[in-house]
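Chemist: Sending over a structure as structure tokens; questions will come in a sec.
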Amino acid sequence: MIKIYTQRKKAKAWLKTYRGKRPVFACVLGFTETGLIPNISAAGATPEARKYTAIADAEFLATGKNINFPLPPLVAGASPVLISRAVVAAQSLPLFIFDAGLAIAPTDETKAISLNGLPAQCVSTGKALPIETVLQLFVQGLVWGEKLAQSGDYIILSECVVGGTTTALSVLTALGIDAKDKINSSHPTCNHEQKWKIVQSGLEHLSAQATPFEIVAAVGDPMQIVVAGMAIAASRHSGVLLAGGTQMLAVYALARAIAKYQNLTWHPESIIIGTTRWVAEDPTGNTIDLALTVQDVPLLATKLSFAKSNFPQLLAYEQGFVKEGVGAGGAAITANLYQNWTQEQLLNAIESYIIPKY
């Protein structure tokens with residue numbers, strides 16, 4: 001059920017340590033106006049729909065239904081929150097949802113914890129967030145990373161940011177990591193050229209000597225800095241599963257850069273990245289090569305397949321749509337790691353518990 005792609009020795013040691021252990025699931029919501037650019041993302045069929053993606057996903061993650069906002073119509077497929085909700089609910093995982101900076105406040109049903117952030121402006125402006133906001137969100141991340149580490153044996157850190165693979169590309173590039181043409185997207189064929197033009201516009205405003213915090217302020221999003229802080233602090237006390245693909249590779253690289261810049265104590269060997277095979281093996285991206293370029297962090301993926309599903313919304317994943325989000329890959333990995341679920345058990349949980357209500 002779990003495949004290791006990089007740093008095999010570290011990954012095996014991590015899995016051995018946390019097999020059978022109960023995690024806490026945290027999801028950090030954020031917003032960037034980058035996600036409103038036409039065709040930039042398939043996480044919402046229109047720019048208007050994408051304004052509500054994170055709010056709707058969070059409500060579904062928390063309650064298993066959408067009381068105020070329906071899950072956004074997608075180009076094809078169904079939201080990956082279906083996967084995360086199935087595991088969180090069936091395995092009774094403690095759940096924390098954070099608002100790092102949304103344009104529209106999450107609904108009361110999510111019980112989201114506000115971090116007093118701001119939605120980011122488009123990456124192309126080079127002025128995504130005020131530096132004061134970035135610094136404040138980082139401190140919040142450190143504080144909550146400590147708290148979360150006391151709530152479970154390890155922490156799953158997930159995200160919901162539409163347009164987040166583009167901000168990931170910009171942050172990775174600004175950190176000196178060659179990420180061009182290696183990024184994933186929710187499209188069946190990654191829109192590399194479109195992303196790169198947007199990122200280039202933003203990076204023109206950034207000095208070569210920019211600090212990690214200045215990089216996020218220029219071309220990042222609010223989720224990235226929060227999760228980087230959480231990962232640094234939590235790694236001192238517990239295991240950390242960064243649940244996602246491209247975006248979490250960017251978060252890991254950012255955390256490493258900040259720890260070095262501020263000479264912070266952290267334990268990177270306690271951190272792994274877990275995603276779906278639809279991301280790890282996406283022929284139109286190159287996640288494995290990106291992980292190797294980032295270096296020193298294990299990349300794992302769930303072997304979850306929807307090939308035998310009875311639902312076209314899930315079959316779309318096998319055609320390259322959606323792929324990942326809201327910690328879906330990390331949740332699927334945990335389903336096997338915590339309660340030894342098989343592929344059939346996981347698929348049944350997703351279909352029987354979620355789909356009839358979707």
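In the structure tokens, chains take letters A, B, ... by order of appearance, with residues numbered from 1 within each chain and ligands from 1 in the order shown.
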How would you write, as a list in words, the set of residues in region 35-135 of chain A that DSSP gives as strand (DSSP E)?
Modeler: Leu95, Phe96, Ile97, Phe98, Asp99, Ala100, Gly101, Ile113 and Ser114 of chain A
Chemist: Could you name the residues that touch Cys27 (chain A) at 7 Å or less, counting only C-alpha atoms, but leaving out those on the same chain fewer than 3 positions away, as a PDB file with C-alpha atoms, in the first residue's frame?
Modeler:
ATOM      1  CA  PHE A  96      -7.305  20.414  13.411  1.00  0.00           C
ATOM      2  CA  ILE A  97      -8.174  22.889  10.650  1.00  0.00           C
ATOM      3  CA  PHE A  98      -6.347  26.221  10.388  1.00  0.00           C
ATOM      4  CA  LEU A 157       0.354  18.290   7.909  1.00  0.00           C
ATOM      5  CA  SER A 158      -1.867  18.882   4.894  1.00  0.00           C
ATOM      6  CA  GLU A 159      -3.000  21.893   2.883  1.00  0.00           C
ATOM      7  CA  VAL A 326      -6.218  18.146   1.338  1.00  0.00           C
TER       8      VAL A 326
END
Chemist: Could you list, with a cut-off of 12 Å and counting only C-alpha atoms, the residues of region 116-161 of chain A near region 78-93 of chain A, each shown with its nearest atom pair and the distance in Å rounded to one decimal, rows sorted by chain and ascending number, as a tab-separated table?
Modeler:
residue	atom	partner	partner_atom	distance
A:Ser151	CA	A:Leu93	CA	10.3
A:Gly152	CA	A:Leu93	CA	9.0
A:Asp153	CA	A:Leu93	CA	11.2
A:Tyr154	CA	A:Leu93	CA	11.2
A:Ile155	CA	A:Leu93	CA	10.4
A:Ile156	CA	A:Leu93	CA	10.2
A:Leu157	CA	A:Ser84	CA	11.9
A:Ser158	CA	A:Ser84	CA	9.8
A:Glu159	CA	A:Val81	CA	10.6
A:Cys160	CA	A:Val81	CA	9.5
Chemist: For the residues in that selection, give me all heavy atoms as a short mmCIF file (atom, residue, chain, number, x, y, z; two decimals), in the first residue's frame.
Modeler:
data_model
loop_
_atom_site.label_atom_id
_atom_site.label_comp_id
_atom_site.auth_asym_id
_atom_site.auth_seq_id
_atom_site.Cartn_x
_atom_site.Cartn_y
_atom_site.Cartn_z
N SER A 151 -0.38 16.05 20.67
CA SER A 151 -1.75 15.54 20.45
C SER A 151 -1.80 14.18 19.78
O SER A 151 -2.87 13.58 19.67
CB SER A 151 -2.54 16.55 19.60
OG SER A 151 -2.55 17.81 20.20
N GLY A 152 -0.66 13.69 19.29
CA GLY A 152 -0.63 12.39 18.62
C GLY A 152 0.78 11.86 18.55
O GLY A 152 1.74 12.55 18.94
N ASP A 153 0.94 10.65 18.07
CA ASP A 153 2.28 10.05 17.97
C ASP A 153 3.08 10.64 16.81
O ASP A 153 4.30 10.66 16.84
CB ASP A 153 2.16 8.53 17.79
CG ASP A 153 1.56 7.86 19.03
OD1 ASP A 153 2.04 8.17 20.14
OD2 ASP A 153 0.63 7.07 18.90
N TYR A 154 2.36 11.06 15.77
CA TYR A 154 3.00 11.84 14.71
C TYR A 154 1.94 12.74 14.11
O TYR A 154 0.75 12.62 14.40
CB TYR A 154 3.67 10.95 13.65
CG TYR A 154 2.75 10.07 12.83
CD1 TYR A 154 2.30 10.46 11.56
CD2 TYR A 154 2.37 8.81 13.28
CE1 TYR A 154 1.49 9.64 10.79
CE2 TYR A 154 1.56 7.98 12.52
CZ TYR A 154 1.12 8.40 11.28
OH TYR A 154 0.32 7.59 10.53
N ILE A 155 2.39 13.69 13.30
CA ILE A 155 1.49 14.71 12.77
C ILE A 155 1.44 14.61 11.25
O ILE A 155 2.47 14.52 10.58
CB ILE A 155 1.97 16.12 13.13
CG1 ILE A 155 2.12 16.26 14.64
CG2 ILE A 155 1.01 17.19 12.62
CD1 ILE A 155 2.85 17.52 15.03
N ILE A 156 0.22 14.62 10.73
CA ILE A 156 0.02 14.76 9.29
C ILE A 156 -0.28 16.22 9.02
O ILE A 156 -1.26 16.76 9.53
CB ILE A 156 -1.15 13.89 8.79
CG1 ILE A 156 -0.93 12.42 9.13
CG2 ILE A 156 -1.36 14.07 7.29
CD1 ILE A 156 -2.17 11.57 8.97
N LEU A 157 0.57 16.89 8.27
CA LEU A 157 0.35 18.29 7.91
C LEU A 157 -0.09 18.36 6.46
O LEU A 157 0.67 17.99 5.55
CB LEU A 157 1.64 19.10 8.12
CG LEU A 157 2.14 19.22 9.56
CD1 LEU A 157 3.45 19.99 9.61
CD2 LEU A 157 1.09 19.91 10.44
N SER A 158 -1.31 18.81 6.25
CA SER A 158 -1.87 18.88 4.89
C SER A 158 -2.24 20.32 4.56
O SER A 158 -2.15 21.21 5.41
CB SER A 158 -3.09 17.97 4.78
OG SER A 158 -4.16 18.45 5.59
N GLU A 159 -2.69 20.53 3.33
CA GLU A 159 -3.00 21.89 2.88
C GLU A 159 -4.17 21.91 1.92
O GLU A 159 -4.54 20.88 1.35
CB GLU A 159 -1.78 22.52 2.21
CG GLU A 159 -1.20 21.73 1.01
CD GLU A 159 -2.05 21.72 -0.25
OE1 GLU A 159 -2.72 22.74 -0.53
OE2 GLU A 159 -2.06 20.69 -0.94
N CYS A 160 -4.76 23.09 1.78
CA CYS A 160 -5.67 23.34 0.67
C CYS A 160 -5.45 24.77 0.21
O CYS A 160 -5.88 25.72 0.87
CB CYS A 160 -7.13 23.12 1.08
SG CYS A 160 -8.25 23.19 -0.34
#
Chemist: As a list in words, please: the residues near region 247-254 of chain A (cut-off 6 Å, only C-alpha atoms, same-chain neighbours under 2 positions excluded).
Modeler: Thr165, Ala168, Leu172, Gln224, Ala228, Leu242, Gly244, Gly245, Arg256 and Ala257 of chain A
Chemist: Could you take the residues named above and write them with N, CA, C and O atoms, as a PDB file, in the first residue's frame?
Modeler:
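In the end it all went to again.pdb:
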ATOM      1  N   THR A 165       0.578  24.969  -6.417  1.00  0.00           N
ATOM      2  CA  THR A 165       1.760  24.405  -7.086  1.00  0.00           C
ATOM      3  C   THR A 165       2.550  25.508  -7.801  1.00  0.00           C
ATOM      4  O   THR A 165       3.757  25.379  -7.995  1.00  0.00           O
ATOM      5  N   ALA A 168       4.510  27.129  -5.098  1.00  0.00           N
ATOM      6  CA  ALA A 168       5.588  26.181  -4.766  1.00  0.00           C
ATOM      7  C   ALA A 168       6.747  26.327  -5.748  1.00  0.00           C
ATOM      8  O   ALA A 168       7.917  26.355  -5.351  1.00  0.00           O
ATOM      9  N   LEU A 172      10.472  27.441  -4.531  1.00  0.00           N
ATOM     10  CA  LEU A 172      11.590  26.533  -4.813  1.00  0.00           C
ATOM     11  C   LEU A 172      12.650  27.210  -5.675  1.00  0.00           C
ATOM     12  O   LEU A 172      13.852  27.122  -5.405  1.00  0.00           O
ATOM     13  N   GLN A 224       2.320  28.102   3.246  1.00  0.00           N
ATOM     14  CA  GLN A 224       3.708  27.621   3.218  1.00  0.00           C
ATOM     15  C   GLN A 224       4.468  27.979   4.485  1.00  0.00           C
ATOM     16  O   GLN A 224       5.157  27.141   5.069  1.00  0.00           O
ATOM     17  N   ALA A 228       5.733  25.328   7.357  1.00  0.00           N
ATOM     18  CA  ALA A 228       7.176  25.270   7.596  1.00  0.00           C
ATOM     19  C   ALA A 228       7.474  25.417   9.087  1.00  0.00           C
ATOM     20  O   ALA A 228       8.275  24.669   9.662  1.00  0.00           O
ATOM     21  N   LEU A 242       4.503  15.288   5.884  1.00  0.00           N
ATOM     22  CA  LEU A 242       4.041  16.396   5.052  1.00  0.00           C
ATOM     23  C   LEU A 242       3.206  15.794   3.922  1.00  0.00           C
ATOM     24  O   LEU A 242       3.733  15.117   3.038  1.00  0.00           O
ATOM     25  N   GLY A 244       1.385  15.800   0.798  1.00  0.00           N
ATOM     26  CA  GLY A 244       1.235  16.493  -0.476  1.00  0.00           C
ATOM     27  C   GLY A 244       2.433  16.187  -1.355  1.00  0.00           C
ATOM     28  O   GLY A 244       3.329  15.443  -0.953  1.00  0.00           O
ATOM     29  N   GLY A 245       2.448  16.751  -2.539  1.00  0.00           N
ATOM     30  CA  GLY A 245       3.543  16.504  -3.473  1.00  0.00           C
ATOM     31  C   GLY A 245       4.429  17.719  -3.628  1.00  0.00           C
ATOM     32  O   GLY A 245       5.219  18.068  -2.741  1.00  0.00           O
ATOM     33  N   ARG A 256      13.833  24.050   5.835  1.00  0.00           N
ATOM     34  CA  ARG A 256      15.281  23.845   5.933  1.00  0.00           C
ATOM     35  C   ARG A 256      16.031  25.172   5.812  1.00  0.00           C
ATOM     36  O   ARG A 256      16.970  25.450   6.574  1.00  0.00           O
ATOM     37  N   ALA A 257      15.599  26.020   4.871  1.00  0.00           N
ATOM     38  CA  ALA A 257      16.255  27.315   4.672  1.00  0.00           C
ATOM     39  C   ALA A 257      16.070  28.227   5.875  1.00  0.00           C
ATOM     40  O   ALA A 257      17.008  28.931   6.299  1.00  0.00           O
TER      41      ALA A 257
END
Chemist: Determine which residues of region 272-306 of chain A DSSP labels as alpha helix (DSSP H) from the backbone of this structure, then write them out as a ChimeraX atom specification.
Modeler: /A:277-280,287-294
Chemist: Let's have the selection written as a PDB file, in the first residue's frame, with N, CA, C and O atoms.
Modeler:
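Writing the result to out-v6.pdb gives the following:
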ATOM      1  N   ARG A 277       0.232   8.147  -5.762  1.00  0.00           N
ATOM      2  CA  ARG A 277       1.014   7.688  -6.917  1.00  0.00           C
ATOM      3  C   ARG A 277       0.646   8.495  -8.167  1.00  0.00           C
ATOM      4  O   ARG A 277       1.438   8.601  -9.099  1.00  0.00           O
ATOM      5  N   TRP A 278      -0.567   9.106  -8.155  1.00  0.00           N
ATOM      6  CA  TRP A 278      -0.961   9.931  -9.311  1.00  0.00           C
ATOM      7  C   TRP A 278      -0.058  11.155  -9.424  1.00  0.00           C
ATOM      8  O   TRP A 278       0.168  11.665 -10.515  1.00  0.00           O
ATOM      9  N   VAL A 279       0.470  11.611  -8.294  1.00  0.00           N
ATOM     10  CA  VAL A 279       1.437  12.705  -8.306  1.00  0.00           C
ATOM     11  C   VAL A 279       2.840  12.167  -8.555  1.00  0.00           C
ATOM     12  O   VAL A 279       3.562  12.636  -9.437  1.00  0.00           O
ATOM     13  N   ALA A 280       3.233  11.180  -7.760  1.00  0.00           N
ATOM     14  CA  ALA A 280       4.608  10.664  -7.831  1.00  0.00           C
ATOM     15  C   ALA A 280       4.950  10.134  -9.219  1.00  0.00           C
ATOM     16  O   ALA A 280       6.097  10.248  -9.671  1.00  0.00           O
ATOM     17  N   THR A 287       8.013  14.617 -10.110  1.00  0.00           N
ATOM     18  CA  THR A 287       8.079  14.755  -8.656  1.00  0.00           C
ATOM     19  C   THR A 287       9.283  14.028  -8.072  1.00  0.00           C
ATOM     20  O   THR A 287       9.917  14.524  -7.131  1.00  0.00           O
ATOM     21  N   ILE A 288       9.592  12.870  -8.604  1.00  0.00           N
ATOM     22  CA  ILE A 288      10.721  12.092  -8.066  1.00  0.00           C
ATOM     23  C   ILE A 288      12.025  12.848  -8.280  1.00  0.00           C
ATOM     24  O   ILE A 288      12.843  12.984  -7.359  1.00  0.00           O
ATOM     25  N   ASP A 289      12.215  13.379  -9.466  1.00  0.00           N
ATOM     26  CA  ASP A 289      13.426  14.156  -9.741  1.00  0.00           C
ATOM     27  C   ASP A 289      13.467  15.417  -8.878  1.00  0.00           C
ATOM     28  O   ASP A 289      14.530  15.808  -8.386  1.00  0.00           O
ATOM     29  N   LEU A 290      12.304  16.025  -8.670  1.00  0.00           N
ATOM     30  CA  LEU A 290      12.246  17.213  -7.816  1.00  0.00           C
ATOM     31  C   LEU A 290      12.648  16.856  -6.385  1.00  0.00           C
ATOM     32  O   LEU A 290      13.398  17.590  -5.735  1.00  0.00           O
ATOM     33  N   ALA A 291      12.162  15.728  -5.887  1.00  0.00           N
ATOM     34  CA  ALA A 291      12.529  15.285  -4.534  1.00  0.00           C
ATOM     35  C   ALA A 291      14.030  15.030  -4.439  1.00  0.00           C
ATOM     36  O   ALA A 291      14.660  15.371  -3.428  1.00  0.00           O
ATOM     37  N   LEU A 292      14.595  14.454  -5.469  1.00  0.00           N
ATOM     38  CA  LEU A 292      16.043  14.214  -5.484  1.00  0.00           C
ATOM     39  C   LEU A 292      16.816  15.532  -5.534  1.00  0.00           C
ATOM     40  O   LEU A 292      17.890  15.660  -4.948  1.00  0.00           O
ATOM     41  N   THR A 293      16.255  16.521  -6.221  1.00  0.00           N
ATOM     42  CA  THR A 293      16.891  17.836  -6.315  1.00  0.00           C
ATOM     43  C   THR A 293      16.805  18.580  -4.978  1.00  0.00           C
ATOM     44  O   THR A 293      17.758  19.225  -4.553  1.00  0.00           O
ATOM     45  N   VAL A 294      15.668  18.477  -4.311  1.00  0.00           N
ATOM     46  CA  VAL A 294      15.518  19.077  -2.984  1.00  0.00           C
ATOM     47  C   VAL A 294      16.477  18.407  -1.998  1.00  0.00           C
ATOM     48  O   VAL A 294      17.056  19.053  -1.130  1.00  0.00           O
TER      49      VAL A 294
END
Chemist: Taking 5 positions as the minimum chain separation for residues in the same chain, which residues sit within 7 Å of region 141-149 of chain A when counting only C-alpha atoms? Answer as an MDAnalysis selection string.
Modeler: chainID A and resid 154:155 226:227 229:231 233:234 237:238
Chemist: Kindly provide the residues of region 239-338 of chain A that approach region 343-354 of chain A to within 12 Å, each paired with its closest atom pair and their distance in Å to one decimal, based on only C-alpha atoms, listed by chain and increasing number, as CSV.
Modeler:
residue,atom,partner,partner_atom,distance
A:Thr302,CA,A:Gln343,CA,9.5
A:Lys303,CA,A:Gln343,CA,7.9
A:Leu304,CA,A:Gln343,CA,6.1
A:Ser305,CA,A:Gln343,CA,7.6
A:Phe306,CA,A:Leu347,CA,7.4
A:Ala307,CA,A:Leu347,CA,10.3
A:Lys308,CA,A:Leu347,CA,9.0
A:Ser309,CA,A:Leu347,CA,7.6
A:Asn310,CA,A:Glu351,CA,8.5
A:Phe311,CA,A:Glu351,CA,8.0
A:Pro312,CA,A:Glu351,CA,11.3
A:Gln313,CA,A:Glu351,CA,10.4
A:Leu314,CA,A:Glu351,CA,8.9
A:Leu315,CA,A:Glu351,CA,11.7
A:Ala328,CA,A:Ile350,CA,11.0
A:Gly329,CA,A:Leu346,CA,11.8
A:Ala331,CA,A:Leu346,CA,10.1
A:Ala332,CA,A:Leu346,CA,7.5
A:Ile333,CA,A:Leu346,CA,10.1
A:Thr334,CA,A:Leu346,CA,10.6
A:Ala335,CA,A:Leu346,CA,7.3
A:Asn336,CA,A:Gln343,CA,8.5
Chemist: Any chance you can output those residues with N, CA, C and O atoms as an mmCIF file, in the first residue's frame?
Modeler:
data_model
loop_
_atom_site.group_PDB
_atom_site.id
_atom_site.type_symbol
_atom_site.label_atom_id
_atom_site.label_comp_id
_atom_site.auth_asym_id
_atom_site.auth_seq_id
_atom_site.Cartn_x
_atom_site.Cartn_y
_atom_site.Cartn_z
ATOM 1 N N THR A 302 1.057 6.558 -1.570
ATOM 2 C CA THR A 302 0.108 5.464 -1.451
ATOM 3 C C THR A 302 -0.060 4.800 -2.813
ATOM 4 O O THR A 302 -0.014 5.464 -3.847
ATOM 5 N N LYS A 303 -0.253 3.496 -2.793
ATOM 6 C CA LYS A 303 -0.518 2.766 -4.040
ATOM 7 C C LYS A 303 -2.009 2.740 -4.371
ATOM 8 O O LYS A 303 -2.428 2.027 -5.295
ATOM 9 N N LEU A 304 -2.796 3.494 -3.625
ATOM 10 C CA LEU A 304 -4.246 3.533 -3.839
ATOM 11 C C LEU A 304 -4.581 3.685 -5.320
ATOM 12 O O LEU A 304 -4.048 4.542 -6.014
ATOM 13 N N SER A 305 -5.477 2.815 -5.787
ATOM 14 C CA SER A 305 -5.943 2.847 -7.173
ATOM 15 C C SER A 305 -7.462 2.938 -7.201
ATOM 16 O O SER A 305 -8.148 2.338 -6.372
ATOM 17 N N PHE A 306 -7.965 3.697 -8.170
ATOM 18 C CA PHE A 306 -9.408 3.775 -8.394
ATOM 19 C C PHE A 306 -9.812 3.037 -9.673
ATOM 20 O O PHE A 306 -10.923 3.197 -10.161
ATOM 21 N N ALA A 307 -8.906 2.235 -10.197
ATOM 22 C CA ALA A 307 -9.160 1.555 -11.482
ATOM 23 C C ALA A 307 -10.381 0.642 -11.418
ATOM 24 O O ALA A 307 -11.059 0.433 -12.427
ATOM 25 N N LYS A 308 -10.673 0.104 -10.233
ATOM 26 C CA LYS A 308 -11.814 -0.811 -10.100
ATOM 27 C C LYS A 308 -13.027 -0.137 -9.451
ATOM 28 O O LYS A 308 -13.978 -0.805 -9.053
ATOM 29 N N SER A 309 -12.978 1.178 -9.355
ATOM 30 C CA SER A 309 -14.095 1.896 -8.750
ATOM 31 C C SER A 309 -15.322 1.874 -9.662
ATOM 32 O O SER A 309 -15.209 1.814 -10.887
ATOM 33 N N ASN A 310 -16.480 1.949 -9.043
ATOM 34 C CA ASN A 310 -17.731 2.006 -9.790
ATOM 35 C C ASN A 310 -18.163 3.436 -10.081
ATOM 36 O O ASN A 310 -19.210 3.652 -10.698
ATOM 37 N N PHE A 311 -17.365 4.391 -9.645
ATOM 38 C CA PHE A 311 -17.770 5.791 -9.750
ATOM 39 C C PHE A 311 -16.883 6.561 -10.729
ATOM 40 O O PHE A 311 -15.664 6.595 -10.567
ATOM 41 N N PRO A 312 -17.478 7.197 -11.731
ATOM 42 C CA PRO A 312 -16.689 7.951 -12.713
ATOM 43 C C PRO A 312 -15.890 9.095 -12.093
ATOM 44 O O PRO A 312 -14.818 9.443 -12.589
ATOM 45 N N GLN A 313 -16.410 9.658 -10.971
ATOM 46 C CA GLN A 313 -15.672 10.741 -10.311
ATOM 47 C C GLN A 313 -14.300 10.273 -9.834
ATOM 48 O O GLN A 313 -13.339 11.038 -9.815
ATOM 49 N N LEU A 314 -14.230 8.994 -9.436
ATOM 50 C CA LEU A 314 -12.954 8.444 -8.972
ATOM 51 C C LEU A 314 -12.120 7.892 -10.119
ATOM 52 O O LEU A 314 -10.896 8.003 -10.115
ATOM 53 N N LEU A 315 -12.772 7.319 -11.107
ATOM 54 C CA LEU A 315 -12.045 6.818 -12.281
ATOM 55 C C LEU A 315 -11.265 7.936 -12.959
ATOM 56 O O LEU A 315 -10.230 7.692 -13.590
ATOM 57 N N ALA A 328 -4.725 14.025 0.890
ATOM 58 C CA ALA A 328 -5.297 12.733 0.478
ATOM 59 C C ALA A 328 -4.262 11.613 0.478
ATOM 60 O O ALA A 328 -4.515 10.513 0.979
ATOM 61 N N GLY A 329 -3.094 11.875 -0.084
ATOM 62 C CA GLY A 329 -2.063 10.845 -0.132
ATOM 63 C C GLY A 329 -1.573 10.461 1.255
ATOM 64 O O GLY A 329 -1.404 9.283 1.575
ATOM 65 N N ALA A 331 -3.242 10.768 4.020
ATOM 66 C CA ALA A 331 -4.328 10.054 4.699
ATOM 67 C C ALA A 331 -4.358 8.597 4.276
ATOM 68 O O ALA A 331 -4.531 7.691 5.110
ATOM 69 N N ALA A 332 -4.191 8.343 2.991
ATOM 70 C CA ALA A 332 -4.209 6.966 2.487
ATOM 71 C C ALA A 332 -3.015 6.168 3.016
ATOM 72 O O ALA A 332 -3.143 4.984 3.352
ATOM 73 N N ILE A 333 -1.863 6.786 3.092
ATOM 74 C CA ILE A 333 -0.691 6.131 3.682
ATOM 75 C C ILE A 333 -0.962 5.770 5.136
ATOM 76 O O ILE A 333 -0.687 4.660 5.593
ATOM 77 N N THR A 334 -1.550 6.710 5.855
ATOM 78 C CA THR A 334 -1.859 6.500 7.270
ATOM 79 C C THR A 334 -2.872 5.389 7.473
ATOM 80 O O THR A 334 -2.793 4.629 8.455
ATOM 81 N N ALA A 335 -3.844 5.284 6.566
ATOM 82 C CA ALA A 335 -4.854 4.230 6.692
ATOM 83 C C ALA A 335 -4.206 2.863 6.803
ATOM 84 O O ALA A 335 -4.626 2.013 7.588
ATOM 85 N N ASN A 336 -3.160 2.654 6.017
ATOM 86 C CA ASN A 336 -2.419 1.394 6.076
ATOM 87 C C ASN A 336 -1.475 1.348 7.270
ATOM 88 O O ASN A 336 -1.375 0.327 7.972
#
Chemist: So, with only C-alpha atoms as the atoms that count, which of A:Thr284, A:Lys3, A:Pro73, A:Gly325 lies closest to Ala58 (chain A)?
Modeler: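 The answer is A:Gly325, which sits nearest to Ala58 (chain A).
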Chemist: Please provide as a ChimeraX atom specification all residues within 12 Å of Gln262 (chain A), with the sequence filter that same-chain residues fewer than 4 positions apart are discarded (counting only C-alpha atoms).
Modeler: /A:211-213,229,232,255-258,266
Chemist: Using Å and a single decimal, report how far CA of Ala210 (chain A) sits from CA of Gly117 (chain A).
Modeler: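 Taking CA of Gly117 (chain A) as the start and CA of Ala210 (chain A) as the end point, the length is 21.4 Å.
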Chemist: Go through A:Ala174, A:Ile272, A:Val297, A:Ala217 and flag the residue nearest Gly330 (chain A), using only C-alpha atoms for the distances.
Modeler: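 Of A:Ala174, A:Ile272, A:Val297, A:Ala217, the one nearest Gly330 (chain A), counting only C-alpha atoms, is A:Ile272.
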Chemist: Using only C-alpha atoms, which protein or nucleic acid residues come within 8 Å of Ser235 (chain A)? Drop anything in the same chain fewer than 4 positions from it, and give the result as a list in words.
Modeler: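 The residues satisfying every condition are Ala231, Gly239, Val240, Trp266, His267, Pro268, Ser270 and Ile271 of chain A.
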Chemist: Can you write out the residues you just picked, keeping N, CA, C and O atoms, as a PDB file, in the first residue's frame?
Modeler:
ATOM      1  N   ALA A 231       6.303  22.254  10.960  1.00  0.00           N
ATOM      2  CA  ALA A 231       7.192  21.113  10.729  1.00  0.00           C
ATOM      3  C   ALA A 231       8.475  21.232  11.549  1.00  0.00           C
ATOM      4  O   ALA A 231       8.944  20.248  12.139  1.00  0.00           O
ATOM      5  N   GLY A 239       7.150  12.513  14.876  1.00  0.00           N
ATOM      6  CA  GLY A 239       7.275  12.374  13.438  1.00  0.00           C
ATOM      7  C   GLY A 239       6.359  13.358  12.721  1.00  0.00           C
ATOM      8  O   GLY A 239       5.339  13.788  13.263  1.00  0.00           O
ATOM      9  N   VAL A 240       6.736  13.727  11.512  1.00  0.00           N
ATOM     10  CA  VAL A 240       5.941  14.646  10.698  1.00  0.00           C
ATOM     11  C   VAL A 240       5.786  14.053   9.308  1.00  0.00           C
ATOM     12  O   VAL A 240       6.775  13.697   8.663  1.00  0.00           O
ATOM     13  N   TRP A 266      16.049  21.674  14.838  1.00  0.00           N
ATOM     14  CA  TRP A 266      14.953  20.868  14.307  1.00  0.00           C
ATOM     15  C   TRP A 266      15.513  19.503  13.953  1.00  0.00           C
ATOM     16  O   TRP A 266      16.729  19.285  14.025  1.00  0.00           O
ATOM     17  N   HIS A 267      14.639  18.560  13.624  1.00  0.00           N
ATOM     18  CA  HIS A 267      15.083  17.203  13.325  1.00  0.00           C
ATOM     19  C   HIS A 267      14.525  16.768  11.967  1.00  0.00           C
ATOM     20  O   HIS A 267      13.480  16.109  11.905  1.00  0.00           O
ATOM     21  N   PRO A 268      15.211  17.138  10.898  1.00  0.00           N
ATOM     22  CA  PRO A 268      14.707  16.810   9.554  1.00  0.00           C
ATOM     23  C   PRO A 268      14.551  15.316   9.315  1.00  0.00           C
ATOM     24  O   PRO A 268      13.722  14.899   8.496  1.00  0.00           O
ATOM     25  N   SER A 270      13.080  13.367  11.097  1.00  0.00           N
ATOM     26  CA  SER A 270      11.745  12.992  11.579  1.00  0.00           C
ATOM     27  C   SER A 270      10.658  13.292  10.551  1.00  0.00           C
ATOM     28  O   SER A 270       9.483  13.028  10.814  1.00  0.00           O
ATOM     29  N   ILE A 271      11.042  13.850   9.416  1.00  0.00           N
ATOM     30  CA  ILE A 271      10.065  14.329   8.434  1.00  0.00           C
ATOM     31  C   ILE A 271      10.108  13.501   7.152  1.00  0.00           C
ATOM     32  O   ILE A 271      11.187  13.201   6.631  1.00  0.00           O
TER      33      ILE A 271
END
Chemist: Please provide the set of residues having any atom within 6 Å of Gly44 (chain A), restricted to only C-alpha atoms, with same-chain residues fewer than 4 positions apart removed, written as a list of chain:residue names.
Modeler: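 My list of contacting residues is A:Ala49, A:Arg50, A:Pro72, A:Pro73, A:Leu74.
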Chemist: Could you please take those selected residues and save C-alpha atoms as a short mmCIF file (atom, residue, chain, number, x, y, z; two decimals), in the first residue's frame?
Modeler:
data_model
loop_
_atom_site.label_atom_id
_atom_site.label_comp_id
_atom_site.auth_asym_id
_atom_site.auth_seq_id
_atom_site.Cartn_x
_atom_site.Cartn_y
_atom_site.Cartn_z
CA ALA A 49 -15.57 28.40 -8.12
CA ARG A 50 -11.94 28.40 -6.97
CA PRO A 72 -16.74 23.05 -6.30
CA PRO A 73 -17.50 21.70 -9.75
CA LEU A 74 -14.29 20.34 -11.25
#
